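Participant: This is target_1.txt, which holds compact mmCIF, C-alpha atoms:
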```txt
# COMPACT_ATOMS: atom_id res chain seq x y z
CA VAL Q 1 24.53 -56.59 -30.56
CA ALA Q 2 24.20 -56.62 -26.78
CA ASP Q 3 21.97 -57.83 -23.97
CA LEU Q 4 22.36 -54.74 -21.80
CA ASP Q 5 20.14 -55.77 -18.90
CA GLY Q 6 21.23 -59.42 -18.78
CA ASN Q 7 17.76 -60.92 -19.25
CA GLY Q 8 18.93 -63.30 -22.00
CA THR Q 9 17.54 -61.31 -24.94
CA PRO Q 10 19.75 -59.03 -27.08
CA ASP Q 11 18.11 -55.61 -26.94
CA ARG Q 12 20.56 -53.04 -28.32
CA LEU Q 13 23.03 -52.43 -31.10
CA VAL Q 14 26.04 -50.65 -29.59
CA ALA Q 15 28.44 -48.72 -31.84
CA LEU Q 16 31.83 -47.19 -31.11
CA THR Q 17 32.25 -44.08 -33.25
CA GLU Q 18 35.03 -41.59 -33.97
CA THR Q 19 34.47 -38.01 -35.05
CA GLY Q 20 36.78 -35.06 -35.60
CA ALA Q 21 39.72 -34.28 -37.87
CA VAL Q 22 43.49 -33.57 -37.94
CA GLY Q 23 44.30 -35.13 -34.60
CA ALA Q 24 41.29 -33.71 -32.74
CA PHE Q 25 39.32 -36.96 -32.52
CA MET Q 26 36.56 -37.95 -30.12
CA GLN Q 27 35.25 -41.48 -29.43
CA GLU Q 28 31.64 -42.06 -28.43
CA LEU Q 29 29.36 -44.96 -27.55
CA VAL Q 30 26.01 -44.86 -29.36
CA HIS Q 31 23.09 -47.22 -28.65
CA PHE Q 32 20.39 -48.22 -31.13
CA ALA Q 33 17.25 -50.36 -31.03
CA PHE Q 34 14.99 -51.82 -33.71
CA ASN Q 35 11.42 -50.59 -33.70
CA GLY Q 36 8.93 -51.19 -36.48
CA GLY Q 37 11.62 -52.37 -38.86
CA GLN Q 38 13.75 -49.25 -38.33
CA LEU Q 39 16.85 -48.47 -36.31
CA PHE Q 40 16.53 -45.71 -33.69
CA GLN Q 41 19.10 -44.16 -31.38
CA THR Q 42 17.99 -44.79 -27.78
CA ASN Q 43 20.51 -42.81 -25.73
CA ALA Q 44 22.53 -39.67 -26.12
CA ALA Q 45 26.00 -40.41 -27.46
CA GLN Q 46 28.44 -40.92 -24.58
CA ASN Q 47 31.95 -39.52 -24.87
CA VAL Q 48 34.61 -42.03 -23.78
CA SER Q 49 37.63 -39.91 -24.73
CA PRO Q 50 40.49 -39.21 -24.14
CA GLY Q 51 42.42 -42.05 -25.69
CA ARG Q 52 41.97 -43.61 -29.09
CA PHE Q 53 39.63 -46.58 -28.74
CA THR Q 54 39.76 -49.04 -31.62
CA ALA Q 55 37.29 -51.89 -30.98
CA LEU Q 56 34.41 -52.81 -28.66
CA ALA Q 57 33.02 -55.97 -27.08
CA MET Q 58 30.10 -56.35 -24.68
CA ALA Q 59 30.61 -58.81 -21.83
CA ASN Q 60 29.85 -59.34 -18.17
CA VAL Q 61 33.20 -58.40 -16.65
CA VAL Q 62 32.47 -57.26 -13.09
CA GLY Q 63 29.99 -60.00 -12.18
CA GLY Q 64 26.63 -58.22 -12.21
CA PRO Q 65 23.79 -59.22 -14.53
CA GLU Q 66 24.33 -56.23 -16.83
CA SER Q 67 26.72 -56.22 -19.79
CA ASP Q 68 29.90 -54.17 -19.43
CA TYR Q 69 31.93 -52.39 -22.10
CA VAL Q 70 35.35 -53.75 -23.12
CA LEU Q 71 37.39 -51.47 -25.38
CA THR Q 72 40.79 -51.84 -26.99
CA GLN Q 73 42.89 -48.71 -27.07
CA THR Q 74 45.90 -47.52 -29.06
CA THR Q 75 47.28 -44.29 -27.66
CA PRO Q 76 49.90 -42.23 -29.53
CA THR Q 77 52.17 -40.70 -26.92
CA GLY Q 78 55.63 -39.19 -27.17
CA GLY Q 79 56.16 -40.45 -30.70
CA THR Q 80 55.20 -44.02 -29.82
CA MET Q 81 52.01 -46.10 -29.72
CA LEU Q 82 50.90 -47.89 -26.57
CA ALA Q 83 48.24 -50.63 -26.63
CA ALA Q 84 45.76 -51.25 -23.84
CA THR Q 85 42.41 -52.92 -23.13
CA VAL Q 86 40.02 -51.34 -20.64
CA TRP Q 87 36.58 -52.05 -19.24
CA TYR Q 88 33.74 -49.82 -18.07
CA GLU Q 89 30.91 -51.14 -15.95
CA GLY Q 90 27.49 -50.96 -17.64
CA ASP Q 91 24.31 -49.88 -15.87
CA GLY Q 92 21.98 -51.99 -18.03
CA ALA Q 93 20.29 -48.91 -19.48
CA GLY Q 94 22.81 -47.92 -22.11
CA ASN Q 95 25.42 -46.08 -20.08
CA ALA Q 96 29.07 -46.86 -19.39
CA LEU Q 97 29.85 -45.88 -15.79
CA THR Q 98 33.05 -43.92 -16.35
CA TRP Q 99 33.79 -43.86 -12.60
CA SER Q 100 33.78 -47.69 -12.46
CA TRP Q 101 36.47 -48.95 -14.79
CA GLY Q 102 39.78 -50.78 -14.98
CA ASN Q 103 42.69 -51.82 -17.17
CA PHE Q 104 43.36 -55.39 -18.20
CA VAL Q 105 47.02 -56.22 -17.62
CA LEU Q 106 48.40 -57.24 -21.01
CA PRO Q 107 51.75 -59.06 -21.31
CA PRO Q 108 54.78 -56.85 -22.03
CA ASN Q 109 55.48 -56.00 -25.64
CA PRO Q 110 57.76 -58.85 -26.82
CA THR Q 111 59.28 -56.76 -29.63
CA THR Q 112 61.22 -53.54 -29.99
CA LEU Q 113 58.47 -52.12 -32.25
CA GLN Q 114 55.42 -50.10 -31.37
CA GLU Q 115 52.19 -51.91 -30.49
CA TYR Q 116 48.47 -51.57 -31.14
CA CYS Q 117 45.28 -53.47 -30.34
CA ALA Q 118 43.06 -53.88 -33.38
CA ALA Q 119 40.21 -56.15 -32.28
CA VAL Q 120 38.60 -57.80 -29.26
CA GLU Q 121 36.10 -60.65 -28.80
CA ALA Q 122 34.34 -61.97 -25.70
CA GLY Q 123 32.89 -65.46 -25.30
CA ASP Q 124 32.80 -68.55 -23.12
CA TRP Q 125 35.19 -70.78 -25.02
CA ASN Q 126 35.80 -73.41 -22.34
CA ARG Q 127 32.06 -73.65 -21.60
CA ASP Q 128 32.44 -73.06 -17.84
CA GLY Q 129 29.83 -70.31 -17.61
CA HIS Q 130 32.37 -67.48 -17.24
CA VAL Q 131 33.28 -64.83 -19.80
CA ASP Q 132 36.63 -65.19 -21.60
CA LEU Q 133 38.42 -62.50 -23.62
CA ALA Q 134 40.62 -62.45 -26.73
CA VAL Q 135 42.58 -59.40 -27.92
CA LEU Q 136 44.41 -59.08 -31.23
CA ARG Q 137 47.70 -57.18 -30.77
CA GLY Q 138 49.98 -56.13 -33.61
CA PHE Q 139 53.42 -54.56 -33.90
CA VAL Q 140 54.89 -52.00 -36.31
CA GLN Q 141 57.63 -49.43 -36.53
CA PRO Q 142 56.11 -46.61 -38.59
CA SER Q 143 57.95 -45.11 -41.51
CA ASN Q 144 59.39 -41.62 -41.23
CA THR Q 145 57.39 -39.26 -43.42
CA MET Q 146 60.56 -37.24 -44.08
CA SER Q 147 62.49 -40.19 -45.55
CA SER Q 148 62.00 -43.01 -48.02
CA GLY Q 149 62.31 -45.70 -45.35
CA GLN Q 150 59.73 -48.46 -45.14
CA PRO Q 151 57.79 -49.48 -42.02
CA THR Q 152 58.87 -52.59 -40.13
CA PHE Q 153 56.28 -55.19 -39.12
CA HIS Q 154 56.31 -58.11 -36.69
CA ASP Q 155 53.94 -61.07 -36.55
CA SER Q 156 50.80 -60.33 -34.56
CA GLU Q 157 49.69 -62.23 -31.47
CA LEU Q 158 46.40 -63.25 -29.90
CA LEU Q 159 46.08 -62.56 -26.18
CA VAL Q 160 43.55 -64.79 -24.39
CA ALA Q 161 42.33 -64.52 -20.79
CA MET Q 162 39.91 -67.00 -19.22
CA GLY Q 163 37.32 -66.20 -16.57
CA PRO Q 164 36.26 -66.09 -13.79
CA ASN Q 165 37.60 -62.88 -12.24
CA LEU Q 166 38.39 -61.59 -15.70
CA PRO Q 167 39.75 -58.16 -14.61
CA TYR Q 168 42.54 -60.00 -12.75
CA ALA Q 169 43.08 -62.88 -15.17
CA THR Q 170 46.46 -63.56 -16.78
CA PHE Q 171 46.61 -63.30 -20.56
CA GLU Q 172 48.23 -66.09 -22.57
CA SER Q 173 50.02 -65.06 -25.76
CA ILE Q 174 49.41 -67.12 -28.93
CA ALA Q 175 51.84 -66.29 -31.75
CA LEU Q 176 50.24 -65.85 -35.16
CA PRO Q 177 51.84 -66.74 -38.52
CA GLY Q 178 51.67 -63.27 -40.02
CA ALA Q 179 51.58 -59.53 -39.42
CA HIS Q 180 48.79 -57.00 -39.89
CA SER Q 181 48.80 -53.71 -41.71
CA TRP Q 182 46.19 -51.95 -39.60
CA SER Q 183 44.68 -48.50 -40.16
CA SER Q 184 47.50 -45.99 -40.68
CA SER Q 185 49.61 -47.31 -37.81
CA TYR Q 186 52.53 -47.80 -40.22
CA ASN Q 187 52.70 -44.02 -40.69
CA GLN Q 188 54.08 -41.53 -38.17
CA LEU Q 189 51.05 -39.37 -38.92
CA PHE Q 190 48.74 -41.97 -37.33
CA PRO Q 191 47.73 -39.59 -34.49
CA LEU Q 192 46.54 -37.02 -37.08
CA LEU Q 193 44.71 -39.37 -39.44
CA PRO Q 194 41.18 -40.82 -39.17
CA LEU Q 195 40.98 -44.31 -37.73
CA PHE Q 196 40.26 -47.08 -40.24
CA ALA Q 197 39.01 -49.61 -37.72
CA ALA Q 198 39.13 -53.35 -38.43
CA PRO Q 199 37.33 -55.16 -35.59
CA GLY Q 200 36.57 -57.93 -38.10
CA PHE Q 201 40.22 -59.01 -38.01
CA LEU Q 202 39.13 -61.24 -35.09
CA GLN Q 203 35.90 -63.26 -35.22
CA GLN Q 204 34.38 -66.24 -33.45
CA LEU Q 205 32.65 -68.93 -35.49
CA ASP Q 206 31.56 -72.50 -34.89
CA LEU Q 207 33.70 -73.86 -37.72
CA ARG Q 208 33.18 -77.52 -36.91
CA GLN Q 209 29.48 -77.15 -36.05
CA ASP Q 210 30.12 -78.91 -32.74
CA GLY Q 211 28.62 -76.30 -30.43
CA SER Q 212 31.98 -74.88 -29.24
CA MET Q 213 32.98 -71.53 -30.74
CA ASP Q 214 36.32 -71.25 -32.56
CA LEU Q 215 38.41 -68.13 -33.22
CA VAL Q 216 39.40 -66.88 -36.67
CA VAL Q 217 42.05 -64.21 -37.34
CA LEU Q 218 41.77 -62.49 -40.72
CA GLY Q 219 43.93 -60.10 -42.74
CA MET Q 220 47.40 -61.43 -41.90
CA ARG Q 221 50.23 -60.75 -44.34
CA GLY Q 222 53.48 -62.64 -44.75
CA ALA Q 223 56.88 -61.36 -45.84
CA GLY Q 224 57.18 -59.12 -42.82
CA GLY Q 225 53.71 -57.67 -43.27
CA THR Q 226 54.32 -56.43 -46.81
CA ALA Q 227 52.93 -59.31 -48.89
CA ALA Q 228 49.90 -58.41 -50.96
CA GLN Q 229 48.14 -61.71 -50.30
CA THR Q 230 46.38 -62.07 -46.97
CA SER Q 231 45.92 -65.25 -44.97
CA ILE Q 232 43.65 -66.61 -42.25
CA ALA Q 233 44.49 -68.36 -38.97
CA MET Q 234 41.91 -70.68 -37.44
CA LEU Q 235 42.14 -71.57 -33.75
CA ILE Q 236 40.02 -74.66 -33.22
CA ASN Q 237 38.28 -75.03 -29.86
CA THR Q 238 38.68 -78.57 -28.51
CA THR Q 239 36.18 -78.14 -25.68
CA PRO Q 240 33.76 -81.11 -25.85
CA GLY Q 241 30.17 -80.48 -26.84
CA GLN Q 242 27.46 -80.43 -24.21
CA LEU Q 243 23.94 -81.80 -23.96
CA GLY Q 244 21.59 -79.39 -25.67
CA ASP Q 245 24.12 -78.16 -28.25
CA ALA Q 246 22.98 -77.86 -31.84
CA ARG Q 247 25.92 -79.52 -33.56
CA MET Q 248 27.01 -81.62 -36.51
CA GLU Q 249 29.60 -84.42 -36.68
CA LYS Q 250 31.27 -85.39 -39.94
CA VAL Q 251 31.84 -89.13 -40.49
CA GLY Q 252 33.94 -90.41 -43.40
CA GLU Q 253 34.59 -88.83 -46.79
CA PRO Q 254 32.71 -88.58 -50.10
CA SER Q 255 33.18 -91.61 -52.33
CA GLY Q 256 32.39 -92.88 -55.83
CA GLY Q 257 31.32 -90.52 -58.59
CA LEU Q 258 34.04 -88.50 -60.30
CA PRO Q 259 37.22 -88.06 -58.23
CA THR Q 260 37.52 -84.43 -59.36
CA ARG Q 261 34.02 -83.56 -58.15
CA LYS Q 262 33.25 -84.68 -54.63
CA ALA Q 263 29.61 -84.26 -53.61
CA ARG Q 264 28.83 -82.44 -50.35
CA LEU Q 265 26.07 -82.88 -47.78
CA GLY Q 266 25.00 -79.85 -45.78
CA PHE Q 267 22.12 -78.36 -43.84
CA ASP Q 268 20.18 -75.17 -44.48
CA GLY Q 269 17.35 -73.17 -42.96
CA GLY Q 270 18.86 -72.06 -39.66
CA ARG Q 271 19.75 -73.87 -36.46
CA PRO Q 272 18.42 -77.38 -35.84
CA LYS Q 273 16.11 -76.59 -32.94
CA PRO Q 274 12.53 -77.49 -32.00
CA GLY Q 275 10.03 -75.52 -34.06
CA ASN Q 276 12.29 -74.90 -37.08
CA GLN Q 277 9.93 -75.86 -39.90
CA GLY Q 278 12.34 -74.68 -42.59
CA PHE Q 279 15.26 -76.98 -41.76
CA THR Q 280 16.56 -78.93 -44.77
CA CYS Q 281 19.34 -81.33 -45.74
CA THR Q 282 21.10 -80.38 -48.99
CA LEU Q 283 23.25 -82.07 -51.63
CA GLN Q 284 25.65 -79.97 -53.74
CA ASN Q 285 28.39 -80.30 -56.34
CA VAL Q 286 26.81 -83.10 -58.40
CA GLN Q 287 25.95 -83.36 -62.08
CA GLY Q 288 22.68 -81.63 -62.85
CA GLY Q 289 19.93 -84.18 -63.40
CA SER Q 290 21.54 -86.83 -61.20
CA LEU Q 291 19.19 -89.21 -59.40
CA CYS Q 292 19.53 -88.50 -55.65
CA GLY Q 293 18.28 -89.93 -52.38
CA LEU Q 294 18.88 -89.36 -48.66
CA ALA Q 295 19.42 -92.10 -46.11
CA TRP Q 296 19.07 -91.83 -42.31
CA GLY Q 297 20.25 -94.08 -39.54
CA PRO Q 298 20.70 -94.00 -35.76
CA MET Q 299 24.44 -94.79 -35.77
CA GLY Q 300 27.46 -93.66 -37.78
CA TYR Q 301 30.57 -95.69 -38.62
CA GLU Q 302 33.23 -94.72 -41.13
CA ARG Q 303 33.19 -97.13 -44.13
CA LEU Q 304 30.75 -99.52 -42.51
CA PHE Q 305 30.39 -101.20 -45.91
CA THR Q 306 30.75 -100.39 -49.63
CA SER Q 307 28.04 -100.81 -52.26
CA TYR Q 308 28.18 -99.79 -55.94
CA GLY Q 309 31.38 -97.88 -55.19
CA ILE Q 310 29.77 -95.88 -52.35
CA ASP Q 311 31.35 -96.00 -48.90
CA VAL Q 312 28.43 -96.11 -46.49
CA HIS Q 313 29.31 -94.36 -43.22
CA MET Q 314 26.15 -95.04 -41.22
CA VAL Q 315 23.57 -97.74 -40.51
CA PRO Q 316 20.81 -96.95 -43.05
CA VAL Q 317 17.30 -97.44 -41.74
CA GLU Q 318 15.08 -94.88 -43.49
CA TYR Q 319 15.25 -93.51 -47.05
CA SER Q 320 13.75 -90.53 -48.83
CA ALA Q 321 12.08 -90.80 -52.21
CA ALA Q 322 14.58 -90.51 -55.09
CA ALA Q 323 14.41 -87.40 -57.26
CA LEU Q 324 16.47 -85.53 -59.85
CA ALA Q 325 18.93 -82.81 -58.89
CA SER Q 326 18.27 -79.38 -60.34
CA GLY Q 327 20.55 -77.86 -62.97
CA THR Q 328 22.12 -79.23 -66.13
CA GLY Q 329 25.85 -78.48 -65.72
CA ALA Q 330 28.69 -80.70 -64.60
CA ASN Q 331 28.72 -79.48 -60.99
CA ASP Q 332 25.72 -77.19 -60.52
CA GLY Q 333 23.35 -79.95 -59.44
CA PHE Q 334 21.49 -79.20 -56.21
CA PHE Q 335 19.01 -81.29 -54.26
CA SER Q 336 17.36 -80.83 -50.87
CA VAL Q 337 15.11 -82.81 -48.54
CA ALA Q 338 12.88 -80.97 -46.09
CA LEU Q 339 13.45 -81.95 -42.44
CA PRO Q 340 10.91 -79.87 -40.49
CA ILE Q 341 11.51 -80.13 -36.74
CA PRO Q 342 8.33 -80.18 -34.60
CA ASN Q 343 8.17 -77.77 -31.70
CA ILE Q 344 8.73 -80.50 -29.12
CA PRO Q 345 11.46 -79.75 -26.53
CA ALA Q 346 11.97 -83.47 -25.92
CA LEU Q 347 13.58 -83.71 -29.38
CA VAL Q 348 16.70 -81.91 -28.13
CA GLY Q 349 19.62 -84.30 -28.44
CA ASP Q 350 20.92 -86.86 -30.93
CA ALA Q 351 18.96 -86.88 -34.21
CA GLY Q 352 20.94 -89.60 -36.01
CA TYR Q 353 23.11 -89.63 -39.13
CA PHE Q 354 22.39 -88.57 -42.71
CA GLN Q 355 24.10 -89.47 -46.00
CA PHE Q 356 23.22 -88.81 -49.65
CA ALA Q 357 23.68 -91.26 -52.50
CA TYR Q 358 23.31 -90.39 -56.20
CA TYR Q 359 23.62 -91.77 -59.72
CA ASP Q 360 25.47 -89.54 -62.21
CA HIS Q 361 23.91 -90.34 -65.57
CA ALA Q 362 26.52 -88.35 -67.48
CA SER Q 363 29.46 -90.46 -66.23
CA GLY Q 364 27.50 -93.60 -65.46
CA THR Q 365 28.80 -93.73 -61.87
CA PHE Q 366 27.30 -94.00 -58.41
CA GLY Q 367 28.50 -91.72 -55.65
CA GLY Q 368 27.91 -90.75 -52.04
CA THR Q 369 28.67 -87.93 -49.62
CA GLN Q 370 30.17 -88.05 -46.17
CA ALA Q 371 27.75 -88.91 -43.40
CA THR Q 372 26.86 -86.22 -40.88
CA GLY Q 373 25.52 -86.77 -37.41
CA LEU Q 374 23.02 -84.14 -36.29
CA SER Q 375 22.11 -83.01 -32.78
CA ILE Q 376 19.07 -80.83 -32.20
CA GLY Q 377 19.78 -78.01 -29.76
CA HIS Q 378 17.94 -75.45 -27.71
```
If you took the structure in this file and wrote it as structure tokens, what would it be?

Facilitator:
Amino acid sequence: VADLDGNGTPDRLVALTETGAVGAFMQELVHFAFNGGQLFQTNAAQNVSPGRFTALAMANVVGGPESDYVLTQTTPTGGTMLAATVWYEGDGAGNALTWSWGNFVLPPNPTTLQEYCAAVEAGDWNRDGHVDLAVLRGFVQPSNTMSSGQPTFHDSELLVAMGPNLPYATFESIALPGAHSWSSSYNQLFPLLPLFAAPGFLQQLDLRQDGSMDLVVLGMRGAGGTAAQTSIAMLINTTPGQLGDARMEKVGEPSGGLPTRKARLGFDGGRPKPGNQGFTCTLQNVQGGSLCGLAWGPMGYERLFTSYGIDVHMVPVEYSAAALASGTGANDGFFSVALPIPNIPALVGDAGYFQFAYYDHASGTFGGTQATGLSIGH
């Protein structure tokens, strides 16, 4: 999803497609827009061949207001695979200007194997107002189709470049604890086979709900890339939050209740921002029918005091009415308290700390969740 004209509103869905067969493949950029609840193509498909492009990100690379096109590329040539990442300037109307483009300078291949780029993400991870770029690069020596030999894999790496002046930025290599088995790159027939793209191998998520986006690498395999079980690498962003972020801060741990079933506090209904009338605070993983209540306070402190076996991690000032959790099973109890946020911009900022307490009638124990500090954002 892209903001092509740079006005702050996403206006197009941009897809990178591959058509063709038996080595005669063509890559195209296709733009779509929503209209009346349906998806419509807005521009003629634009051919960006030659070269085998594998993933797409939209980002402001050259400095104008319009979004540009960043594509990873894996080119079979002379019996080998070469990885690259290129950019095309965008005109803001759904066209990549093929006469205004450039290559990002990736670090040399650190292995003796062949290389490919499987995924790319763009974001502003250090919160300085400039676009940053992350590229997932993998390594493999394909098997020979005329022998019984097995392909050789090497652990993948994440290449990160920080703006400004992104086309000239130096990429830093971050080693990953596993290899990828991507598309048919492990087979010497890769140039002749359809591309099974996996841009989702690299994603950005706000894992800690602190307003700074983190990076997640999926689909890694151990044992030299041959293990059946896949793993995930999480790269946590330590950039401090900023005023106006919608974020959450965990304080303390669940306490009391049954040690094998720790209750959890969460939030539902979308981002905590002015005008969100559906925002709620939820309690999960308690005995169905438990008596539950929510406390709020302006300050949070881990284990401020303990009462009835509950570690209280905040200064309680206000309390909701107590009610019974839904469900009847040992851990399917669910309870929520509506926290509608008025459409008042002045509410942006610290909204205090929340913590649930409950009485489990089945075990005769009191319990509590962690406390969570909430900040309302733009």

Participant: Counting only C-alpha atoms, which of Q:Thr74, Q:Gln287, Q:Thr328, Q:Thr372 gets nearest to Met299 of chain Q?

Facilitator: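 Among the listed residues, Q:Thr372 lies closest to Met299 of chain Q.
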
Participant: For Gln284 of chain Q, which of Q:His31, Q:His180, Q:His361, Q:Lys262 is the closest residue, counting all atoms listed in the file?

Facilitator: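 Residue with the minimum atom-to-atom distance to Gln284 of chain Q: Q:Lys262.
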
Participant: Enumerate, in order of chain and increasing residue number, the residues of segment 249-327 of chain Q with an atom no farther than 12 Å from segment 195-217 of chain Q, each with its shortest atom pair and distance in Å to one decimal, counting all atoms listed in the file, as CSV.

Facilitator:
```
residue,atom,partner,partner_atom,distance
Q:Glu249,CA,Q:Asp210,CA,6.8
Q:Lys250,CA,Q:Arg208,CA,8.6
Q:Gly266,CA,Q:Gln209,CA,11.0
Q:Phe267,CA,Q:Gln209,CA,10.8
Q:Arg271,CA,Q:Gln209,CA,10.3
Q:Pro272,CA,Q:Gln209,CA,11.1
```

Participant: Restricting the output to C-alpha atoms, write the selected residues as an mmCIF file, keeping the file's coordinate frame.

Facilitator:
```cif
data_model
loop_
_atom_site.group_PDB
_atom_site.id
_atom_site.type_symbol
_atom_site.label_atom_id
_atom_site.label_comp_id
_atom_site.auth_asym_id
_atom_site.auth_seq_id
_atom_site.Cartn_x
_atom_site.Cartn_y
_atom_site.Cartn_z
ATOM 1 C CA GLU Q 249 29.600 -84.420 -36.680
ATOM 2 C CA LYS Q 250 31.270 -85.390 -39.940
ATOM 3 C CA GLY Q 266 25.000 -79.850 -45.780
ATOM 4 C CA PHE Q 267 22.120 -78.360 -43.840
ATOM 5 C CA ARG Q 271 19.750 -73.870 -36.460
ATOM 6 C CA PRO Q 272 18.420 -77.380 -35.840
#
```

Participant: What's the 12 Å shell around Ala161 of chain Q, counting all atoms listed in the file, without same-chain residues fewer than 5 positions away, as a count of residues only?

Facilitator: 29

Participant: Ranking Q:Thr19, Q:Gln188, Q:Gln355, Q:Asn276 by minimum distance to Gly252 of chain Q and counting all atoms listed in the file, which one comes first?

Facilitator: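 Closest to Gly252 of chain Q of all the choices is Q:Gln355.
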
Participant: Could you tell me which of Q:Arg52, Q:Arg303, Q:Pro259, Q:Val317 comes closest to Thr365 of chain Q if we count all atoms listed in the file?

Facilitator: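 Using all atoms listed in the file, Thr365 of chain Q sits closest to Q:Pro259.
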
Participant: Step by step: start from the point (45.6, -48.9, -36.1) in the file's coordinates, keep every protein, DNA or RNA residue that has an atom no farther than 9 Å from it, count all atoms listed in the file, and write the set as number ranges by chain.

Facilitator: Q: 54, 74, 116-118, 138, 181-186, 190, 195-198

Participant: Tell me, in Å to one decimal, how far atom CA of Ala96 of chain Q is from atom CA of Gly64 of chain Q.

Facilitator: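 So the answer is 13.7 Å.
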
Participant: Can you work out which one of Q:Ala83, Q:Ala44, Q:Leu374, Q:Leu113 has the shortest atom-to-atom distance to Lys273 of chain Q, counting only C-alpha atoms?

Facilitator: Q:Leu374

Participant: Excluding Gln46 of chain Q and residues on its chain fewer than 4 positions from it, collect all residues at most 8 Å away from it, counting all atoms listed in the file, and give them as a list of chain:residue names.

Facilitator: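 In the requested format, the answer is Q:Glu28, Q:Leu29, Q:Val30, Q:Asn95, Q:Ala96.
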
Participant: If you keep C-alpha atoms, can you produce a file of those selected residues as a PDB file, in the frame of the given file?

Facilitator:
```pdb
ATOM      1  CA  GLU Q  28      31.640 -42.060 -28.430  1.00  0.00           C
ATOM      2  CA  LEU Q  29      29.360 -44.960 -27.550  1.00  0.00           C
ATOM      3  CA  VAL Q  30      26.010 -44.860 -29.360  1.00  0.00           C
ATOM      4  CA  ASN Q  95      25.420 -46.080 -20.080  1.00  0.00           C
ATOM      5  CA  ALA Q  96      29.070 -46.860 -19.390  1.00  0.00           C
TER       6      ALA Q  96
END
```

Participant: Interatomic distance between atom CA of Gly373 of chain Q and atom CA of Pro240 of chain Q?

Facilitator: 15.3 Å

Participant: Grab the atom CA of Gly90 of chain Q to atom CA of Val62 of chain Q distance for me, in Å with one decimal place.

Facilitator: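 Atom CA of Val62 of chain Q lies at a distance of 9.2 Å from atom CA of Gly90 of chain Q.
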
Participant: Give me the residues within 9 Å of Pro254 of chain Q as a PyMOL selection string, counting only C-alpha atoms and dropping any in the same chain fewer than 5 places off.

Facilitator: chain Q and resi 262-264+310-311+367-371

Participant: Given the point (29.9, -57.0, -17.0) in the file's coordinates, find the residues that have an atom at most 12 Å from it, counting all atoms listed in the file, and give them as a ChimeraX atom specification.

Facilitator: /Q:2-6,57-70,87-92,96-97,100-102,122,130-132,163-167

Participant: Could you tell me which of Q:Thr306, Q:Asn43, Q:Ser336, Q:Ser290 comes closest to Tyr359 of chain Q if we count only C-alpha atoms?

Facilitator: Q:Ser290

Participant: Would you mind listing what lies within 6 Å of Val140 of chain Q as a PyMOL selection string, with only C-alpha atoms counted and same-chain residues fewer than 4 positions away left out?

Facilitator: chain Q and resi 113-114+152-153
